[in-house]
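One structure is given here, and the rest of the page talks about it.
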Amino acid sequence: MKELEISAKTVEEAIKLALEKLGTGREEVEVDVLSEGSHGILGIGAEEAKIRVKLLKPVSSETASEASQENDIVSFTQNVLETILEKMGVTTSTVFKTEAIIQEVEQTTPPIVFDIEGEDLGVLIGRRGQTLSCLQYITRLIVAQEMKAPTPAIVIDVGGYQRRRYQTLKALAQRLAEQVATSGSQFVLEPMPAYERRIIHLTLTDHPDVTTESTGFGEVRQVVILPKGRSISAIS
């Protein structure tokens with residue numbers, strides 16, 4: 001990054017000189033005022049203002065295009081989600097989040113995250129989060145079809161439910177892993193939706209004593225935690 005130091009009678013005059021030397025505009029530089037200068041007394045002891053100017057790295061047209069496309073996807077996704085909620089007759093507000101829901105964090109492209117806020121949100125979560133899972137699936141499906149371009153993962157949360165559920169499942173996985181490692185017997189968890197099974201798998205990926213597998217089909221698919229080197233025993 002190119003930079004230079006300039007002195008002049010005032011800060012504004014120093015900035016003007018710096019821009020002339022760099023041949024650039026004010027929006028393309030970062031100005032650090034080192035000294036605002038002093039007029040002194042009757043001109044005695046006067047000091048010039050001094051600044052350091054850094055030339056900012058220009059934004060490439062490719063980067064600008066990517067940012068514009070992401071903004072379009074975020075805006076469209078929010079419109080889709082709010083339309084679905086309106087059709088459901090639910091009064092809520094949707095908030096775009098810049099941080100990822102934790103179970104999606106290993107993805108190379110950060111997901112688009114919306115948290116639904118309001119009162120009486122239980123109807124949007126459903127039993128074991130099934131309604132929320134369906135809402136997320138439908139939103140993803142509509143956005144993917146309408147945008148006709150690769151899109152980041154879309155994560156819908158309701159009042160922070162998914163984040164709290166993540167913490168609960170992670171703690172459960174760690175506790176059951178220690179139980180399996182101590183007893184030497186497998187443990188079969190209750191049926192879970194795909195993203196919840198994924199939390200269990202990811203939490204125990206690097207565990208030294210246990211491994212995880214999924215068994216079953218559809219809505220009754222379950223995670224099995226078992227000692228490393230063992231295969232799944234018959235599940236009644």
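Residues are named by chain letter and number: chains run A, B, ... in the order of the structure tokens, numbers start at 1 in each chain, and ligands are numbered from 1 in the order shown.
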Could you give me, as an NGL selection string, the residues within 12 Å of region 174-176 of chain A, counting only C-alpha atoms and dropping anything in the same chain fewer than 2 positions from it?
:A and (167-172 or 178-189 or 199-212 or 223-227)
Would you put the residues from that selection into a file with N, CA and C atoms, as a tab-separated table (two decimals), in the first residue's frame?
```tsv
chain	number	residue	atom	x	y	z
A	167	GLN	N	-25.99	-25.86	20.86
A	167	GLN	CA	-25.25	-25.99	22.12
A	167	GLN	C	-25.73	-27.22	22.90
A	168	THR	N	-27.04	-27.47	22.92
A	168	THR	CA	-27.60	-28.62	23.62
A	168	THR	C	-27.10	-29.93	23.01
A	169	LEU	N	-27.15	-30.02	21.67
A	169	LEU	CA	-26.74	-31.26	21.00
A	169	LEU	C	-25.24	-31.50	21.12
A	170	LYS	N	-24.47	-30.43	21.08
A	170	LYS	CA	-23.02	-30.59	21.21
A	170	LYS	C	-22.67	-31.15	22.59
A	171	ALA	N	-23.30	-30.58	23.63
A	171	ALA	CA	-23.05	-31.07	24.98
A	171	ALA	C	-23.52	-32.51	25.13
A	172	LEU	N	-24.66	-32.84	24.53
A	172	LEU	CA	-25.18	-34.21	24.58
A	172	LEU	C	-24.22	-35.18	23.90
A	178	GLU	N	-18.37	-39.95	26.03
A	178	GLU	CA	-17.62	-40.43	27.19
A	178	GLU	C	-18.28	-41.68	27.77
A	179	GLN	N	-19.59	-41.71	27.74
A	179	GLN	CA	-20.32	-42.88	28.24
A	179	GLN	C	-20.01	-44.11	27.39
A	180	VAL	N	-20.00	-43.94	26.07
A	180	VAL	CA	-19.70	-45.05	25.16
A	180	VAL	C	-18.26	-45.50	25.32
A	181	ALA	N	-17.34	-44.53	25.45
A	181	ALA	CA	-15.93	-44.88	25.61
A	181	ALA	C	-15.69	-45.67	26.90
A	182	THR	N	-16.42	-45.33	27.94
A	182	THR	CA	-16.26	-46.01	29.23
A	182	THR	C	-16.91	-47.40	29.24
A	183	SER	N	-18.12	-47.47	28.68
A	183	SER	CA	-18.87	-48.74	28.73
A	183	SER	C	-18.48	-49.71	27.62
A	184	GLY	N	-17.98	-49.18	26.51
A	184	GLY	CA	-17.65	-50.04	25.37
A	184	GLY	C	-18.87	-50.45	24.58
A	185	SER	N	-20.03	-49.87	24.89
A	185	SER	CA	-21.28	-50.21	24.19
A	185	SER	C	-21.76	-49.01	23.37
A	186	GLN	N	-22.36	-49.29	22.24
A	186	GLN	CA	-22.87	-48.22	21.38
A	186	GLN	C	-24.07	-47.54	22.02
A	187	PHE	N	-24.36	-46.32	21.55
A	187	PHE	CA	-25.55	-45.62	22.00
A	187	PHE	C	-26.28	-45.08	20.77
A	188	VAL	N	-27.59	-45.35	20.71
A	188	VAL	CA	-28.41	-44.92	19.58
A	188	VAL	C	-29.25	-43.72	20.00
A	189	LEU	N	-29.08	-42.60	19.32
A	189	LEU	CA	-29.85	-41.41	19.64
A	189	LEU	C	-31.23	-41.48	19.00
A	199	ILE	N	-24.66	-32.11	13.38
A	199	ILE	CA	-24.02	-31.53	14.56
A	199	ILE	C	-23.33	-32.62	15.38
A	200	ILE	N	-24.02	-33.74	15.58
A	200	ILE	CA	-23.43	-34.85	16.35
A	200	ILE	C	-22.18	-35.37	15.65
A	201	HIS	N	-22.28	-35.60	14.34
A	201	HIS	CA	-21.13	-36.11	13.58
A	201	HIS	C	-19.94	-35.16	13.67
A	202	LEU	N	-20.19	-33.85	13.48
A	202	LEU	CA	-19.10	-32.88	13.48
A	202	LEU	C	-18.48	-32.73	14.86
A	203	THR	N	-19.29	-32.78	15.90
A	203	THR	CA	-18.78	-32.63	17.27
A	203	THR	C	-17.81	-33.75	17.61
A	204	LEU	N	-18.10	-34.96	17.12
A	204	LEU	CA	-17.28	-36.13	17.51
A	204	LEU	C	-16.30	-36.58	16.44
A	205	THR	N	-16.14	-35.77	15.39
A	205	THR	CA	-15.24	-36.14	14.29
A	205	THR	C	-13.83	-36.50	14.78
A	206	ASP	N	-13.28	-35.71	15.69
A	206	ASP	CA	-11.90	-35.92	16.13
A	206	ASP	C	-11.80	-36.60	17.50
A	207	HIS	N	-12.89	-37.20	17.95
A	207	HIS	CA	-12.84	-37.86	19.26
A	207	HIS	C	-11.92	-39.08	19.17
A	208	PRO	N	-11.03	-39.25	20.14
A	208	PRO	CA	-10.04	-40.34	20.05
A	208	PRO	C	-10.61	-41.74	20.27
A	209	ASP	N	-11.77	-41.86	20.91
A	209	ASP	CA	-12.24	-43.19	21.32
A	209	ASP	C	-13.54	-43.64	20.65
A	210	VAL	N	-14.27	-42.73	20.04
A	210	VAL	CA	-15.55	-43.12	19.45
A	210	VAL	C	-15.67	-42.62	18.02
A	211	THR	N	-16.63	-43.19	17.32
A	211	THR	CA	-16.97	-42.74	15.98
A	211	THR	C	-18.49	-42.69	15.86
A	212	THR	N	-18.99	-42.14	14.79
A	212	THR	CA	-20.44	-42.03	14.62
A	212	THR	C	-20.85	-42.53	13.24
A	223	VAL	N	-28.54	-41.32	14.65
A	223	VAL	CA	-27.09	-41.36	14.79
A	223	VAL	C	-26.74	-42.40	15.84
A	224	VAL	N	-25.72	-43.20	15.52
A	224	VAL	CA	-25.22	-44.20	16.47
A	224	VAL	C	-23.80	-43.81	16.85
A	225	ILE	N	-23.55	-43.70	18.15
A	225	ILE	CA	-22.20	-43.45	18.66
A	225	ILE	C	-21.64	-44.79	19.12
A	226	LEU	N	-20.48	-45.18	18.61
A	226	LEU	CA	-19.92	-46.49	18.97
A	226	LEU	C	-18.41	-46.40	19.14
A	227	PRO	N	-17.85	-47.34	19.90
A	227	PRO	CA	-16.41	-47.34	20.09
A	227	PRO	C	-15.68	-47.49	18.75
```
Per DSSP on the backbone, filter region 52-218 of chain A down to the residues in strand (DSSP E) and report them as an MDAnalysis selection string.
chainID A and resid 52:55 92:97 112:118 154:158 187:188 210:215
Could you give me, as a PyMOL selection string, the residues within 10 Å of Asp32 (chain A), counting only C-alpha atoms and dropping anything in the same chain fewer than 4 positions from it?
chain A and resi 5+15+50-54
Please, could you write that set of residues out with N, CA and C atoms as a PDB file, in the first residue's frame?
```
ATOM      1  N   GLU A   5       4.075  11.142   3.735  1.00  0.00           N
ATOM      2  CA  GLU A   5       3.811  12.124   4.779  1.00  0.00           C
ATOM      3  C   GLU A   5       3.955  13.517   4.184  1.00  0.00           C
ATOM      4  N   ILE A  15      -3.755  17.695   2.992  1.00  0.00           N
ATOM      5  CA  ILE A  15      -4.510  16.664   2.273  1.00  0.00           C
ATOM      6  C   ILE A  15      -4.562  16.997   0.792  1.00  0.00           C
ATOM      7  N   LYS A  50       0.841  18.053  10.035  1.00  0.00           N
ATOM      8  CA  LYS A  50       1.518  16.933   9.371  1.00  0.00           C
ATOM      9  C   LYS A  50       0.558  15.754   9.298  1.00  0.00           C
ATOM     10  N   ILE A  51       0.485  15.140   8.131  1.00  0.00           N
ATOM     11  CA  ILE A  51      -0.412  14.002   7.937  1.00  0.00           C
ATOM     12  C   ILE A  51       0.328  12.859   7.257  1.00  0.00           C
ATOM     13  N   ARG A  52      -0.212  11.668   7.455  1.00  0.00           N
ATOM     14  CA  ARG A  52       0.256  10.494   6.705  1.00  0.00           C
ATOM     15  C   ARG A  52      -0.923  10.024   5.852  1.00  0.00           C
ATOM     16  N   VAL A  53      -0.684   9.834   4.570  1.00  0.00           N
ATOM     17  CA  VAL A  53      -1.744   9.448   3.644  1.00  0.00           C
ATOM     18  C   VAL A  53      -1.418   8.089   3.042  1.00  0.00           C
ATOM     19  N   LYS A  54      -2.372   7.168   3.145  1.00  0.00           N
ATOM     20  CA  LYS A  54      -2.204   5.834   2.570  1.00  0.00           C
ATOM     21  C   LYS A  54      -3.167   5.674   1.404  1.00  0.00           C
TER      22      LYS A  54
END
```
Report the residues of region 1-234 of chain A whose backbone DSSP state falls under alpha helix (DSSP H), written as a PyMOL selection string.
chain A and resi 11-22+61-87+122-125+130-147+161-183+194-203
From the list A:Leu4, A:Met88, A:Ile232, A:Leu19, which residue is nearest Glu213 (chain A) when using only C-alpha atoms?
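Counting only C-alpha atoms, the residue closest to Glu213 (chain A) is A:Ile232.
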Looking at A:Glu30, A:Glu146, A:Glu196, A:Asp115, which one is nearest to Glu3 (chain A), with distances taken over only C-alpha atoms?
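Ranking A:Glu30, A:Glu146, A:Glu196, A:Asp115 by distance to Glu3 (chain A), first place goes to A:Glu30.
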Can you pull out the residues contacting Pro191 (chain A)? Cut-off 6 Å, using only C-alpha atoms, and skip same-chain residues under 3 positions away; I want them as a list in words.
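Close residues of Pro191 (chain A): Val220, Arg221 and Gln222 of chain A.
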Generate a file of the selected residues that holds N, CA and C atoms, formatted as a CSV table (one decimal), in the first residue's frame.
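Everything below was put into part-v4.csv:
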```csv
chain,number,residue,atom,x,y,z
A,220,VAL,N,-37.0,-41.3,10.4
A,220,VAL,CA,-36.5,-42.2,11.5
A,220,VAL,C,-35.0,-42.4,11.5
A,221,ARG,N,-34.3,-41.7,10.7
A,221,ARG,CA,-32.8,-41.9,10.6
A,221,ARG,C,-32.2,-41.4,11.9
A,222,GLN,N,-31.3,-42.2,12.4
A,222,GLN,CA,-30.7,-42.0,13.7
A,222,GLN,C,-29.2,-42.0,13.7
```
With only C-alpha atoms counted and 8 Å as the cut-off, give the residues of region 145-222 of chain A in contact with region 129-137 of chain A, each with its shortest interatomic distance in Å and the pair that gives it, as CSV.
```
residue,atom,partner,partner_atom,distance
A:Ile154,CA,A:Gln136,CA,7.3
A:Val155,CA,A:Gln136,CA,6.5
A:Ile156,CA,A:Gln136,CA,5.5
A:Asp157,CA,A:Leu132,CA,7.5
A:Val158,CA,A:Leu132,CA,7.7
A:Pro193,CA,A:Gln130,CA,7.5
```
Could you take the residues named above and write them with C-alpha atoms, as an mmCIF file, in the first residue's frame?
```cif
data_model
loop_
_atom_site.group_PDB
_atom_site.id
_atom_site.type_symbol
_atom_site.label_atom_id
_atom_site.label_comp_id
_atom_site.auth_asym_id
_atom_site.auth_seq_id
_atom_site.Cartn_x
_atom_site.Cartn_y
_atom_site.Cartn_z
ATOM 1 C CA ILE A 154 -29.576 -20.300 3.558
ATOM 2 C CA VAL A 155 -30.119 -20.744 7.287
ATOM 3 C CA ILE A 156 -33.367 -19.749 8.976
ATOM 4 C CA ASP A 157 -33.467 -19.413 12.741
ATOM 5 C CA VAL A 158 -36.355 -18.516 15.040
ATOM 6 C CA PRO A 193 -33.445 -34.143 11.103
#
```
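With CA of Thr215 (chain A) on one side and CA of Lys228 (chain A) on the other, the separation reads 16.6 Å.
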Measure the distance from CA of Ala144 (chain A) to CA of Asp72 (chain A) in Å and round it to one decimal.
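Pair CA of Ala144 (chain A) / CA of Asp72 (chain A) returns 12.8 Å.
Of note, CA of Ala153 (chain A) and CA of Val113 (chain A) are spaced 8.4 Å apart.
Residue neighbourhood of Gly160 (chain A), excluding near-sequence residues (fewer than 5 positions): Ile101, Phe114, Asp115, Ile116, Glu117 and Arg165 of chain A, at 10 Å, using only C-alpha atoms.
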